[in-house]
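**Q** Structure file protein-v7.cif (mmCIF, C-alpha atoms and all ligand atoms) is given on the next line.
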data_target
loop_
_atom_site.group_PDB
_atom_site.id
_atom_site.type_symbol
_atom_site.label_atom_id
_atom_site.label_comp_id
_atom_site.auth_asym_id
_atom_site.auth_seq_id
_atom_site.Cartn_x
_atom_site.Cartn_y
_atom_site.Cartn_z
ATOM 1 C CA MET A 1 7.125 5.488 13.180
ATOM 2 C CA LYS A 2 8.105 7.269 9.977
ATOM 3 C CA HIS A 3 9.466 4.358 7.905
ATOM 4 C CA TYR A 4 8.918 0.583 8.105
ATOM 5 C CA THR A 5 12.114 -1.053 6.888
ATOM 6 C CA SER A 6 12.826 -3.662 9.587
ATOM 7 C CA ILE A 7 11.155 -5.833 12.227
ATOM 8 C CA ASN A 8 13.076 -3.612 14.666
ATOM 9 C CA ASP A 9 10.599 -0.826 13.785
ATOM 10 C CA ILE A 10 7.925 -2.746 15.736
ATOM 11 C CA GLU A 11 7.887 -1.323 19.268
ATOM 12 C CA ASN A 12 5.510 -3.882 20.790
ATOM 13 C CA ILE A 13 4.790 -6.966 18.692
ATOM 14 C CA ASN A 14 1.894 -8.160 20.854
ATOM 15 C CA SER A 15 -0.026 -4.895 20.528
ATOM 16 C CA TRP A 16 0.709 -4.868 16.767
ATOM 17 C CA ILE A 17 -0.666 -8.420 16.457
ATOM 18 C CA ASP A 18 -3.808 -7.435 18.392
ATOM 19 C CA GLU A 19 -4.325 -4.417 16.127
ATOM 20 C CA ALA A 20 -3.796 -6.537 12.993
ATOM 21 C CA LYS A 21 -6.473 -8.949 14.210
ATOM 22 C CA GLU A 22 -8.872 -6.015 14.710
ATOM 23 C CA ILE A 23 -8.147 -4.848 11.154
ATOM 24 C CA LYS A 24 -8.733 -8.369 9.842
ATOM 25 C CA ALA A 25 -12.108 -8.535 11.620
ATOM 26 C CA ASN A 26 -13.187 -5.224 10.049
ATOM 27 C CA PRO A 27 -10.870 -4.383 7.125
ATOM 28 C CA LEU A 28 -12.868 -1.379 5.851
ATOM 29 C CA ALA A 29 -13.172 0.399 9.228
ATOM 30 C CA ASN A 30 -10.528 2.992 8.268
ATOM 31 C CA LYS A 31 -11.609 3.578 4.689
ATOM 32 C CA GLU A 32 -11.396 7.376 5.183
ATOM 33 C CA LEU A 33 -7.855 7.385 6.627
ATOM 34 C CA GLY A 34 -6.103 7.055 3.284
ATOM 35 C CA LYS A 35 -8.524 9.081 1.186
ATOM 36 C CA ASN A 36 -6.703 11.194 -1.440
ATOM 37 C CA LYS A 37 -3.372 9.591 -0.478
ATOM 38 C CA THR A 38 -1.246 7.702 -2.988
ATOM 39 C CA LEU A 39 0.901 4.635 -2.321
ATOM 40 C CA GLY A 40 3.695 4.059 -4.839
ATOM 41 C CA LEU A 41 4.924 0.464 -5.132
ATOM 42 C CA LEU A 42 8.332 0.179 -6.801
ATOM 43 C CA PHE A 43 9.494 -3.313 -7.754
ATOM 44 C CA PHE A 44 13.097 -4.010 -8.676
ATOM 45 C CA ASN A 45 12.209 -7.746 -8.486
ATOM 46 C CA SER A 46 9.299 -10.133 -9.129
ATOM 47 C CA SER A 47 6.356 -10.581 -6.780
ATOM 48 C CA LEU A 48 2.876 -12.051 -6.558
ATOM 49 C CA ARG A 49 1.787 -11.815 -2.893
ATOM 50 C CA THR A 50 3.546 -8.585 -1.920
ATOM 51 C CA ARG A 51 2.409 -6.791 -5.029
ATOM 52 C CA LEU A 52 -1.261 -7.738 -4.684
ATOM 53 C CA SER A 53 -1.680 -7.805 -0.894
ATOM 54 C CA THR A 54 -0.055 -4.398 -0.417
ATOM 55 C CA GLN A 55 -2.325 -2.890 -3.065
ATOM 56 C CA LYS A 56 -5.322 -4.575 -1.424
ATOM 57 C CA ALA A 57 -4.256 -3.140 1.947
ATOM 58 C CA ALA A 58 -4.013 0.357 0.433
ATOM 59 C CA LEU A 59 -7.446 0.019 -1.177
ATOM 60 C CA ASN A 60 -8.945 -1.110 2.157
ATOM 61 C CA LEU A 61 -7.663 2.156 3.659
ATOM 62 C CA GLY A 62 -9.079 4.259 0.801
ATOM 63 C CA MET A 63 -5.618 4.914 -0.705
ATOM 64 C CA ASP A 64 -4.811 4.957 -4.409
ATOM 65 C CA PRO A 65 -1.965 2.521 -5.199
ATOM 66 C CA ILE A 66 0.274 2.999 -8.247
ATOM 67 C CA VAL A 67 2.758 0.309 -9.258
ATOM 68 C CA MET A 68 5.962 0.356 -11.288
ATOM 69 C CA ASN A 69 8.315 -2.457 -12.309
ATOM 70 C CA VAL A 70 11.440 -0.358 -11.961
ATOM 71 C CA SER A 71 13.917 -2.842 -13.418
ATOM 72 C CA GLY A 72 11.910 -3.431 -16.585
ATOM 73 C CA ASP A 73 10.155 -0.128 -17.223
ATOM 74 C CA ALA A 74 12.047 2.778 -15.632
ATOM 75 C CA TRP A 75 15.334 4.385 -16.632
ATOM 76 C CA GLY A 76 18.318 2.581 -15.156
ATOM 77 C CA ILE A 77 18.949 4.176 -11.737
ATOM 78 C CA GLU A 78 22.426 5.143 -10.520
ATOM 79 C CA PHE A 79 23.043 4.827 -6.760
ATOM 80 C CA GLY A 80 26.736 5.703 -6.550
ATOM 81 C CA ASP A 81 27.685 9.124 -5.200
ATOM 82 C CA GLY A 82 29.818 11.175 -7.584
ATOM 83 C CA THR A 83 29.591 8.597 -10.382
ATOM 84 C CA VAL A 84 30.369 9.786 -13.908
ATOM 85 C CA MET A 85 27.195 8.475 -15.480
ATOM 86 C CA ASN A 86 28.564 7.516 -18.875
ATOM 87 C CA GLY A 87 27.457 3.856 -18.571
ATOM 88 C CA ASN A 88 24.071 2.126 -18.533
ATOM 89 C CA THR A 89 22.389 4.163 -15.787
ATOM 90 C CA ALA A 90 20.432 7.202 -17.002
ATOM 91 C CA GLU A 91 18.964 8.721 -13.831
ATOM 92 C CA HIS A 92 20.369 9.238 -10.341
ATOM 93 C CA ILE A 93 18.469 8.100 -7.225
ATOM 94 C CA LYS A 94 18.681 11.702 -5.936
ATOM 95 C CA GLU A 95 16.350 12.872 -8.711
ATOM 96 C CA ALA A 96 14.308 9.650 -8.976
ATOM 97 C CA ALA A 97 13.404 9.484 -5.261
ATOM 98 C CA ALA A 98 12.644 13.217 -5.083
ATOM 99 C CA VAL A 99 10.414 13.034 -8.172
ATOM 100 C CA VAL A 100 8.473 9.942 -7.016
ATOM 101 C CA SER A 101 7.962 11.651 -3.634
ATOM 102 C CA GLN A 102 5.961 14.358 -5.423
ATOM 103 C CA TYR A 103 3.547 11.747 -6.796
ATOM 104 C CA CYS A 104 3.242 9.547 -3.704
ATOM 105 C CA ASP A 105 2.494 10.022 0.012
ATOM 106 C CA ILE A 106 4.209 6.718 0.888
ATOM 107 C CA ILE A 107 6.700 4.741 -1.223
ATOM 108 C CA ALA A 108 7.142 0.968 -0.886
ATOM 109 C CA VAL A 109 10.269 -0.618 -2.386
ATOM 110 C CA ARG A 110 11.309 -4.192 -3.213
ATOM 111 C CA ALA A 111 15.024 -4.668 -3.949
ATOM 112 C CA PHE A 112 16.753 -8.041 -3.520
ATOM 113 C CA PRO A 113 20.483 -8.587 -2.817
ATOM 114 C CA SER A 114 23.123 -9.491 -5.382
ATOM 115 C CA LEU A 115 24.328 -12.386 -3.170
ATOM 116 C CA THR A 116 27.799 -11.745 -4.594
ATOM 117 C CA ASP A 117 28.963 -8.865 -2.384
ATOM 118 C CA LYS A 118 28.056 -9.270 1.301
ATOM 119 C CA GLU A 119 29.232 -5.800 2.337
ATOM 120 C CA LYS A 120 27.280 -4.075 -0.434
ATOM 121 C CA ASP A 121 24.145 -6.142 0.235
ATOM 122 C CA GLU A 122 24.333 -5.384 3.962
ATOM 123 C CA SER A 123 24.634 -1.675 3.228
ATOM 124 C CA GLU A 124 21.087 -1.868 1.801
ATOM 125 C CA GLN A 125 22.060 0.707 -0.803
ATOM 126 C CA ILE A 126 18.748 0.795 -2.692
ATOM 127 C CA LEU A 127 16.408 0.843 0.326
ATOM 128 C CA ASN A 128 18.555 3.292 2.296
ATOM 129 C CA SER A 129 18.920 5.589 -0.725
ATOM 130 C CA PHE A 130 15.151 5.877 -0.893
ATOM 131 C CA VAL A 131 15.053 6.614 2.850
ATOM 132 C CA GLU A 132 17.737 9.291 2.331
ATOM 133 C CA PHE A 133 16.528 10.967 -0.848
ATOM 134 C CA ALA A 134 12.721 10.575 -0.730
ATOM 135 C CA SER A 135 10.759 13.124 1.284
ATOM 136 C CA VAL A 136 7.963 10.680 2.217
ATOM 137 C CA PRO A 137 7.822 7.509 4.372
ATOM 138 C CA ILE A 138 9.420 4.342 2.952
ATOM 139 C CA ILE A 139 8.207 0.760 3.433
ATOM 140 C CA SER A 140 10.382 -2.262 2.656
ATOM 141 C CA MET A 141 8.591 -4.856 0.549
ATOM 142 C CA GLU A 142 11.718 -7.042 0.928
ATOM 143 C CA SER A 143 15.243 -5.735 0.803
ATOM 144 C CA ALA A 144 18.655 -7.386 0.710
ATOM 145 C CA THR A 145 18.564 -8.445 4.352
ATOM 146 C CA GLY A 146 14.948 -8.324 5.522
ATOM 147 C CA HIS A 147 11.309 -8.914 4.640
ATOM 148 C CA PRO A 148 9.545 -7.152 7.517
ATOM 149 C CA LEU A 149 6.026 -7.313 6.053
ATOM 150 C CA GLN A 150 6.445 -11.095 5.811
ATOM 151 C CA GLY A 151 7.881 -11.353 9.333
ATOM 152 C CA LEU A 152 4.943 -9.403 10.756
ATOM 153 C CA THR A 153 2.533 -11.621 8.794
ATOM 154 C CA ASP A 154 4.184 -14.730 10.220
ATOM 155 C CA ALA A 155 3.929 -13.430 13.790
ATOM 156 C CA ILE A 156 0.191 -12.755 13.280
ATOM 157 C CA THR A 157 -0.322 -16.243 11.784
ATOM 158 C CA ILE A 158 1.462 -17.989 14.656
ATOM 159 C CA SER A 159 -0.544 -16.017 17.219
ATOM 160 C CA GLU A 160 -3.815 -16.967 15.483
ATOM 161 C CA ASN A 161 -2.969 -20.675 15.228
ATOM 162 C CA ALA A 162 -1.188 -21.334 18.521
ATOM 163 C CA THR A 163 -2.962 -23.833 20.773
ATOM 164 C CA LYS A 164 -0.684 -23.332 23.764
ATOM 165 C CA LYS A 165 0.656 -20.291 25.607
ATOM 166 C CA LYS A 166 4.287 -20.772 24.578
ATOM 167 C CA PRO A 167 4.467 -22.869 21.380
ATOM 168 C CA LYS A 168 7.683 -24.353 20.024
ATOM 169 C CA VAL A 169 8.559 -22.795 16.660
ATOM 170 C CA VAL A 170 11.286 -24.189 14.404
ATOM 171 C CA LEU A 171 12.760 -22.301 11.463
ATOM 172 C CA SER A 172 14.115 -25.015 9.185
ATOM 173 C CA TRP A 173 16.356 -24.617 6.159
ATOM 174 C CA ALA A 174 15.250 -26.770 3.197
ATOM 175 C CA PRO A 175 16.868 -27.482 -0.175
ATOM 176 C CA HIS A 176 16.432 -25.385 -3.309
ATOM 177 C CA VAL A 177 17.799 -25.368 -6.838
ATOM 178 C CA LYS A 178 18.837 -21.704 -6.777
ATOM 179 C CA THR A 179 20.757 -19.436 -4.431
ATOM 180 C CA LEU A 180 18.231 -17.490 -2.362
ATOM 181 C CA PRO A 181 18.497 -14.473 -0.033
ATOM 182 C CA HIS A 182 18.434 -14.536 3.784
ATOM 183 C CA ALA A 183 15.757 -11.846 4.066
ATOM 184 C CA VAL A 184 12.736 -13.988 4.991
ATOM 185 C CA ALA A 185 14.692 -16.127 7.467
ATOM 186 C CA ASN A 186 16.242 -13.005 9.022
ATOM 187 C CA SER A 187 12.922 -11.203 9.558
ATOM 188 C CA PHE A 188 11.198 -14.361 10.792
ATOM 189 C CA THR A 189 13.997 -14.877 13.312
ATOM 190 C CA GLN A 190 13.762 -11.271 14.498
ATOM 191 C CA ALA A 191 9.970 -11.544 14.840
ATOM 192 C CA MET A 192 10.163 -14.796 16.831
ATOM 193 C CA GLN A 193 12.790 -13.301 19.157
ATOM 194 C CA LYS A 194 10.204 -10.641 20.072
ATOM 195 C CA MET A 195 7.434 -13.189 20.765
ATOM 196 C CA ASP A 196 6.809 -15.458 23.736
ATOM 197 C CA VAL A 197 7.676 -18.694 21.891
ATOM 198 C CA GLU A 198 10.340 -21.390 22.229
ATOM 199 C CA PHE A 199 12.279 -20.654 19.051
ATOM 200 C CA VAL A 200 15.039 -22.736 17.476
ATOM 201 C CA ILE A 201 16.708 -22.782 14.051
ATOM 202 C CA ALA A 202 17.641 -25.945 12.121
ATOM 203 C CA ASN A 203 20.106 -25.765 9.236
ATOM 204 C CA PRO A 204 22.987 -27.798 7.804
ATOM 205 C CA GLU A 205 26.592 -26.993 8.698
ATOM 206 C CA GLY A 206 27.752 -23.936 6.763
ATOM 207 C CA TYR A 207 24.255 -22.415 6.568
ATOM 208 C CA ASN A 208 24.115 -20.505 9.865
ATOM 209 C CA LEU A 209 22.464 -17.114 9.503
ATOM 210 C CA SER A 210 24.410 -14.010 10.465
ATOM 211 C CA LYS A 211 25.207 -14.020 14.191
ATOM 212 C CA GLU A 212 23.841 -10.442 14.239
ATOM 213 C CA ILE A 213 20.461 -12.001 13.426
ATOM 214 C CA SER A 214 20.473 -15.364 15.231
ATOM 215 C CA LYS A 215 21.965 -13.879 18.425
ATOM 216 C CA ASP A 216 21.505 -16.519 21.152
ATOM 217 C CA THR A 217 18.779 -18.537 19.362
ATOM 218 C CA PRO A 218 19.687 -22.270 19.578
ATOM 219 C CA ILE A 219 20.887 -23.658 16.225
ATOM 220 C CA TYR A 220 20.573 -27.383 15.434
ATOM 221 C CA HIS A 221 22.369 -29.137 12.585
ATOM 222 C CA ASN A 222 20.169 -32.190 13.129
ATOM 223 C CA GLN A 223 16.670 -31.560 11.749
ATOM 224 C CA GLU A 224 15.038 -34.498 13.590
ATOM 225 C CA GLU A 225 16.338 -33.283 16.924
ATOM 226 C CA ALA A 226 15.110 -29.735 16.238
ATOM 227 C CA PHE A 227 11.625 -30.939 15.220
ATOM 228 C CA LYS A 228 11.025 -32.804 18.514
ATOM 229 C CA ASP A 229 7.770 -31.479 20.093
ATOM 230 C CA ALA A 230 7.506 -28.686 17.477
ATOM 231 C CA ASP A 231 4.164 -26.895 17.164
ATOM 232 C CA PHE A 232 5.148 -24.896 14.063
ATOM 233 C CA VAL A 233 7.732 -25.716 11.396
ATOM 234 C CA TYR A 234 8.537 -22.643 9.294
ATOM 235 C CA THR A 235 10.558 -23.629 6.252
ATOM 236 C CA LYS A 236 12.729 -21.543 3.974
ATOM 237 C CA ASN A 237 15.801 -22.020 1.877
ATOM 238 C CA TRP A 238 18.668 -19.571 2.101
ATOM 239 C CA SER A 239 22.135 -19.604 0.592
ATOM 240 C CA SER A 240 25.212 -19.808 2.777
ATOM 241 C CA TYR A 241 25.908 -16.624 4.722
ATOM 242 C CA GLU A 242 29.435 -17.583 5.695
ATOM 243 C CA THR A 243 30.477 -18.670 2.172
ATOM 244 C CA TYR A 244 28.394 -15.798 0.966
ATOM 245 C CA GLY A 245 25.661 -16.558 -1.556
ATOM 246 C CA GLN A 246 26.897 -20.085 -2.321
ATOM 247 C CA LEU A 247 25.009 -23.390 -2.534
ATOM 248 C CA LEU A 248 27.008 -25.835 -0.384
ATOM 249 C CA GLU A 249 26.799 -29.589 -0.697
ATOM 250 C CA VAL A 250 24.451 -31.109 1.879
ATOM 251 C CA ASN A 251 24.539 -34.875 2.354
ATOM 252 C CA GLU A 252 21.371 -35.372 4.446
ATOM 253 C CA ASN A 253 17.872 -34.927 3.007
ATOM 254 C CA TRP A 254 16.388 -31.686 4.442
ATOM 255 C CA THR A 255 13.144 -31.709 2.378
ATOM 256 C CA ILE A 256 10.128 -31.346 4.702
ATOM 257 C CA THR A 257 7.956 -34.474 4.889
ATOM 258 C CA LYS A 258 4.829 -35.438 6.812
ATOM 259 C CA ASP A 259 6.823 -38.076 8.669
ATOM 260 C CA LYS A 260 9.334 -35.501 9.839
ATOM 261 C CA ILE A 261 6.946 -32.818 11.096
ATOM 262 C CA GLY A 262 4.280 -35.068 12.639
ATOM 263 C CA ASP A 263 1.437 -32.924 14.055
ATOM 264 C CA ALA A 264 3.269 -29.602 13.694
ATOM 265 C CA LYS A 265 1.739 -26.853 11.554
ATOM 266 C CA PHE A 266 3.680 -26.099 8.378
ATOM 267 C CA MET A 267 4.474 -22.529 7.302
ATOM 268 C CA HIS A 268 6.250 -21.043 4.274
ATOM 269 C CA CYS A 269 6.206 -17.517 2.839
ATOM 270 C CA LEU A 270 5.596 -18.800 -0.742
ATOM 271 C CA PRO A 271 6.341 -19.241 -3.569
ATOM 272 C CA VAL A 272 7.437 -22.788 -2.730
ATOM 273 C CA ARG A 273 8.891 -25.520 -4.948
ATOM 274 C CA ARG A 274 6.836 -28.650 -4.339
ATOM 275 C CA ASN A 275 8.773 -31.849 -3.663
ATOM 276 C CA VAL A 276 12.045 -29.935 -3.442
ATOM 277 C CA VAL A 277 11.433 -27.783 -0.351
ATOM 278 C CA VAL A 278 8.407 -29.718 0.947
ATOM 279 C CA GLU A 279 6.496 -32.763 -0.213
ATOM 280 C CA ASP A 280 2.937 -32.542 -1.594
ATOM 281 C CA ALA A 281 1.569 -34.521 1.374
ATOM 282 C CA VAL A 282 2.424 -31.613 3.701
ATOM 283 C CA LEU A 283 1.207 -28.769 1.488
ATOM 284 C CA ASP A 284 -2.029 -30.623 0.668
ATOM 285 C CA SER A 285 -2.778 -31.459 4.303
ATOM 286 C CA ASP A 286 -4.700 -29.595 6.996
ATOM 287 C CA SER A 287 -1.344 -28.987 8.721
ATOM 288 C CA SER A 288 -0.354 -26.444 6.084
ATOM 289 C CA LEU A 289 -0.970 -22.785 6.966
ATOM 290 C CA VAL A 290 0.525 -21.334 3.788
ATOM 291 C CA ILE A 291 -2.734 -20.036 2.282
ATOM 292 C CA LYS A 292 -3.900 -18.487 5.577
ATOM 293 C CA GLN A 293 -0.427 -17.006 5.953
ATOM 294 C CA ALA A 294 -0.613 -15.382 2.506
ATOM 295 C CA ASN A 295 -4.030 -13.952 3.406
ATOM 296 C CA ASN A 296 -2.483 -12.257 6.431
ATOM 297 C CA ARG A 297 -0.087 -10.371 4.150
ATOM 298 C CA THR A 298 -2.951 -7.933 3.495
ATOM 299 C CA TYR A 299 -3.556 -7.212 7.197
ATOM 300 C CA ALA A 300 0.130 -6.876 8.030
ATOM 301 C CA ALA A 301 0.538 -4.345 5.202
ATOM 302 C CA GLN A 302 -2.677 -2.582 6.219
ATOM 303 C CA LEU A 303 -1.465 -2.240 9.798
ATOM 304 C CA VAL A 304 1.846 -0.739 8.669
ATOM 305 C CA LEU A 305 0.135 1.691 6.266
ATOM 306 C CA LYS A 306 -2.377 2.672 8.963
ATOM 307 C CA LYS A 307 0.375 3.419 11.475
ATOM 308 C CA ILE A 308 2.313 5.506 8.963
ATOM 309 C CA LEU A 309 -0.807 7.413 7.855
ATOM 310 C CA GLU A 310 -1.694 8.143 11.494
ATOM 311 C CA ASN A 311 1.814 9.338 12.357
ATOM 312 C CA ASN A 312 2.745 11.474 9.355
HETATM 313 N N1 LIG B 401 6.189 -14.073 0.183
HETATM 314 C C1 LIG B 401 6.363 -13.148 -0.764
HETATM 315 O O1 LIG B 401 6.956 -12.098 -0.528
HETATM 316 O O2 LIG B 401 5.790 -13.454 -1.957
HETATM 317 P P1 LIG B 401 6.059 -12.665 -3.318
HETATM 318 O O3 LIG B 401 7.552 -12.773 -3.594
HETATM 319 O O4 LIG B 401 5.225 -13.355 -4.349
HETATM 320 O O5 LIG B 401 5.680 -11.237 -3.135
#
Re-express the file's structure as structure tokens.
Ligand code: CP

**A**
Amino acid sequence: MKHYTSINDIENINSWIDEAKEIKANPLANKELGKNKTLGLLFFNSSLRTRLSTQKAALNLGMDPIVMNVSGDAWGIEFGDGTVMNGNTAEHIKEAAAVVSQYCDIIAVRAFPSLTDKEKDESEQILNSFVEFASVPIISMESATGHPLQGLTDAITISENATKKKPKVVLSWAPHVKTLPHAVANSFTQAMQKMDVEFVIANPEGYNLSKEISKDTPIYHNQEEAFKDADFVYTKNWSSYETYGQLLEVNENWTITKDKIGDAKFMHCLPVRRNVVVEDAVLDSDSSLVIKQANNRTYAAQLVLKKILENN
């Protein structure tokens, strides 16, 4: 594996989960592997977990992480080919990616979608430009359409907390005040499709994910029906895919409550808006895995860095 930009880069999710658990049991075992190697973390968007857990993962491997808030601190980057750069952008990605490659052995990039132009978002212009113009491996720290470090984390967390061989896992849409990307839901769906779980998606009419992602996963528009016998309820808001990037009116209440999920474990990638997405009683209960899940971000990132360091 040269780059890690999608859940599809995982060849065998069960062996990856086993290796992540080994790393978690002994996180400093490969402290020499990344010695004298630099990880560059480039953020076009905000972050708490990804920013800190990926640095922690690099430090556990003996790497030196360097971080830049590209949107706030760097020159405005131009991605268009052949553009006459007489506007706001001062530096082309061709130079920027080549230059950063001289300072870093691996580059990790976070770049969210616009949610206004489906075709442009799906082209993954920023992430793919780094893949094209950098000379070192690229890791996605969440792009327009995927969050593969989060999806890997979620697979590890479900494996650790499952109490039966084939648990039922529900990905449920929940309300939000803003329009949010599909990336987390997409990568979670792709990860669950690779695992031996009974996986279903629950979302209101008009909120189906891309068919390219959901494939033949059952989709329920009735949350109660979907939650029947669930072992894990993974919750996330996303904006409409069909009416791209829009917040559609939803008449039923899709907020996650203790009554609705019963004995199922609750998961969310965080950050989460309390009492909008999920009520306090769920987050403050023993059913919530969100803190354990966030801890696993370090080991998912460490596994990906380890594999790239070993293969390049
Ligand atoms: N889950 C997640 O990616 O968190 P951050 O946006 O804080 O990095």

**Q** Please find the residues contacting ligand LIG 401 (chain B) at a distance of at most 8 Å between atoms, with only C-alpha atoms and all ligand atoms counted, and report them as a list in words.

**A** Ser46, Ser47, Leu48, Arg49, Thr50, Arg51, Leu52, Met141, Glu142, His147, Gln150, Cys269, Leu270, Pro271 and Ala294 of chain A

**Q** List the residues selected by the PyMOL selection byres (((chain A and resi 171-180) around 9) and not hetatm) in the file shown, writing them as a PyMOL selection string.

**A** chain A and resi 115+169-170+181-183+185+188-189+199-204+207+223+226-227+232-240+245-247+250+253-256+273+276-278

**Q** Do a neighbour search on Asn312 (chain A) at 10 Å with all atoms listed in the file, toss out local chain neighbours closer than 4 positions, and write the hits as a PyMOL selection string.

**A** chain A and resi 1-3+105-106+136-137+307-308

**Q** Distance CA of Gly62 (chain A)-CA of Thr38 (chain A), one decimal place?

**A** 9.4 Å

**Q** Counting only C-alpha atoms, I want the residues whose atoms come within 7 Å of (12.5, 1.5, -10.4) in the file frame, returned as a PyMOL selection string.

**A** chain A and resi 42-44+68-71+74

**Q** Would you work out the distance separating CA of His268 (chain A) from CA of Ile138 (chain A), expressed in Å to one decimal?

**A** 25.6 Å

**Q** Looking at A:Gln293, A:Asn275, A:Thr54, A:Thr116, which one is nearest to Tyr241 (chain A), with distances taken over only C-alpha atoms?

**A** A:Thr116

**Q** Suppose you want the space between CA of Thr217 (chain A) and CA of Val197 (chain A); what is it in Å?

**A** 11.4 Å

**Q** Would you kindly translate the PyMOL selection byres (((chain A and resi 155) around 10) and not hetatm) into the concrete residues it picks from this file, as a compact mmCIF listing (two decimals) with C-alpha atoms, in the coordinates of the input?

**A**
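And here is the file that came out, result-v3.txt:
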# COMPACT_ATOMS: atom_id res chain seq x y z
CA ILE A 13 4.79 -6.97 18.69
CA ASN A 14 1.89 -8.16 20.85
CA TRP A 16 0.71 -4.87 16.77
CA ILE A 17 -0.67 -8.42 16.46
CA GLN A 150 6.44 -11.10 5.81
CA GLY A 151 7.88 -11.35 9.33
CA LEU A 152 4.94 -9.40 10.76
CA THR A 153 2.53 -11.62 8.79
CA ASP A 154 4.18 -14.73 10.22
CA ILE A 156 0.19 -12.76 13.28
CA THR A 157 -0.32 -16.24 11.78
CA ILE A 158 1.46 -17.99 14.66
CA SER A 159 -0.54 -16.02 17.22
CA GLU A 160 -3.82 -16.97 15.48
CA PHE A 188 11.20 -14.36 10.79
CA ALA A 191 9.97 -11.54 14.84
CA MET A 192 10.16 -14.80 16.83
CA LYS A 194 10.20 -10.64 20.07
CA MET A 195 7.43 -13.19 20.76
CA GLN A 293 -0.43 -17.01 5.95
CA ASN A 296 -2.48 -12.26 6.43
CA ALA A 300 0.13 -6.88 8.03

**Q** Need to verify the contact set: Ser129 (chain A), 10 Å, only C-alpha atoms, exclusion of same-chain residues closer than 5 positions in sequence. Can you return it as a ChimeraX atom specification?

**A** /A:79-80,93-94,97,124,134

**Q** Find the residues near region 28-33 of chain A: any atom within 6 Å, counting only C-alpha atoms, skip ones fewer than 2 places away on the same chain, and give them as JSON, numbers by chain.

**A** {"A": [26, 35, 60, 61, 62]}

**Q** Under the rule that all atoms listed in the file are counted, which of A:Ala264, A:Val109, A:Ala301, A:Val100 is the nearest residue to Asn45 (chain A)?

**A**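 The shortest atom-to-atom distance to Asn45 (chain A) comes from A:Val109.
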
**Q** Taking all atoms listed in the file into account, name the residue in A:Ser114, A:Gln125, A:Ser214, A:Ser287 that is nearest to Asp81 (chain A).

**A**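 Selected residue with least distance to Asp81 (chain A): A:Gln125.
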
**Q** I need the output of the PyMOL selection byres (((chain A and resi 283) around 10) and not hetatm) for this file as a VMD selection string; which residues are they?

**A** chain A and resid 256 to 258 266 to 268 272 274 to 275 278 to 282 284 to 291

**Q** With distances taken over all atoms listed in the file, which of A:Ser143, A:Asn128, A:Ser210, A:Ser187 is nearest to Pro113 (chain A)?

**A**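 That would be A:Ser143, the residue with the smallest distance to Pro113 (chain A).
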
**Q** Using only C-alpha atoms, find the one residue out of A:Glu11, A:Glu205, A:Asp216, A:Glu198 that sits nearest to Asp231 (chain A).

**A**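 For Asp231 (chain A), the nearest of the candidates is A:Glu198.
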
**Q** Could you tell me which of A:Asn251, A:Glu95, A:Tyr244, A:Gly40 comes closest to His221 (chain A) if we count only C-alpha atoms?

**A**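 Smallest distance to His221 (chain A) is found for A:Asn251.
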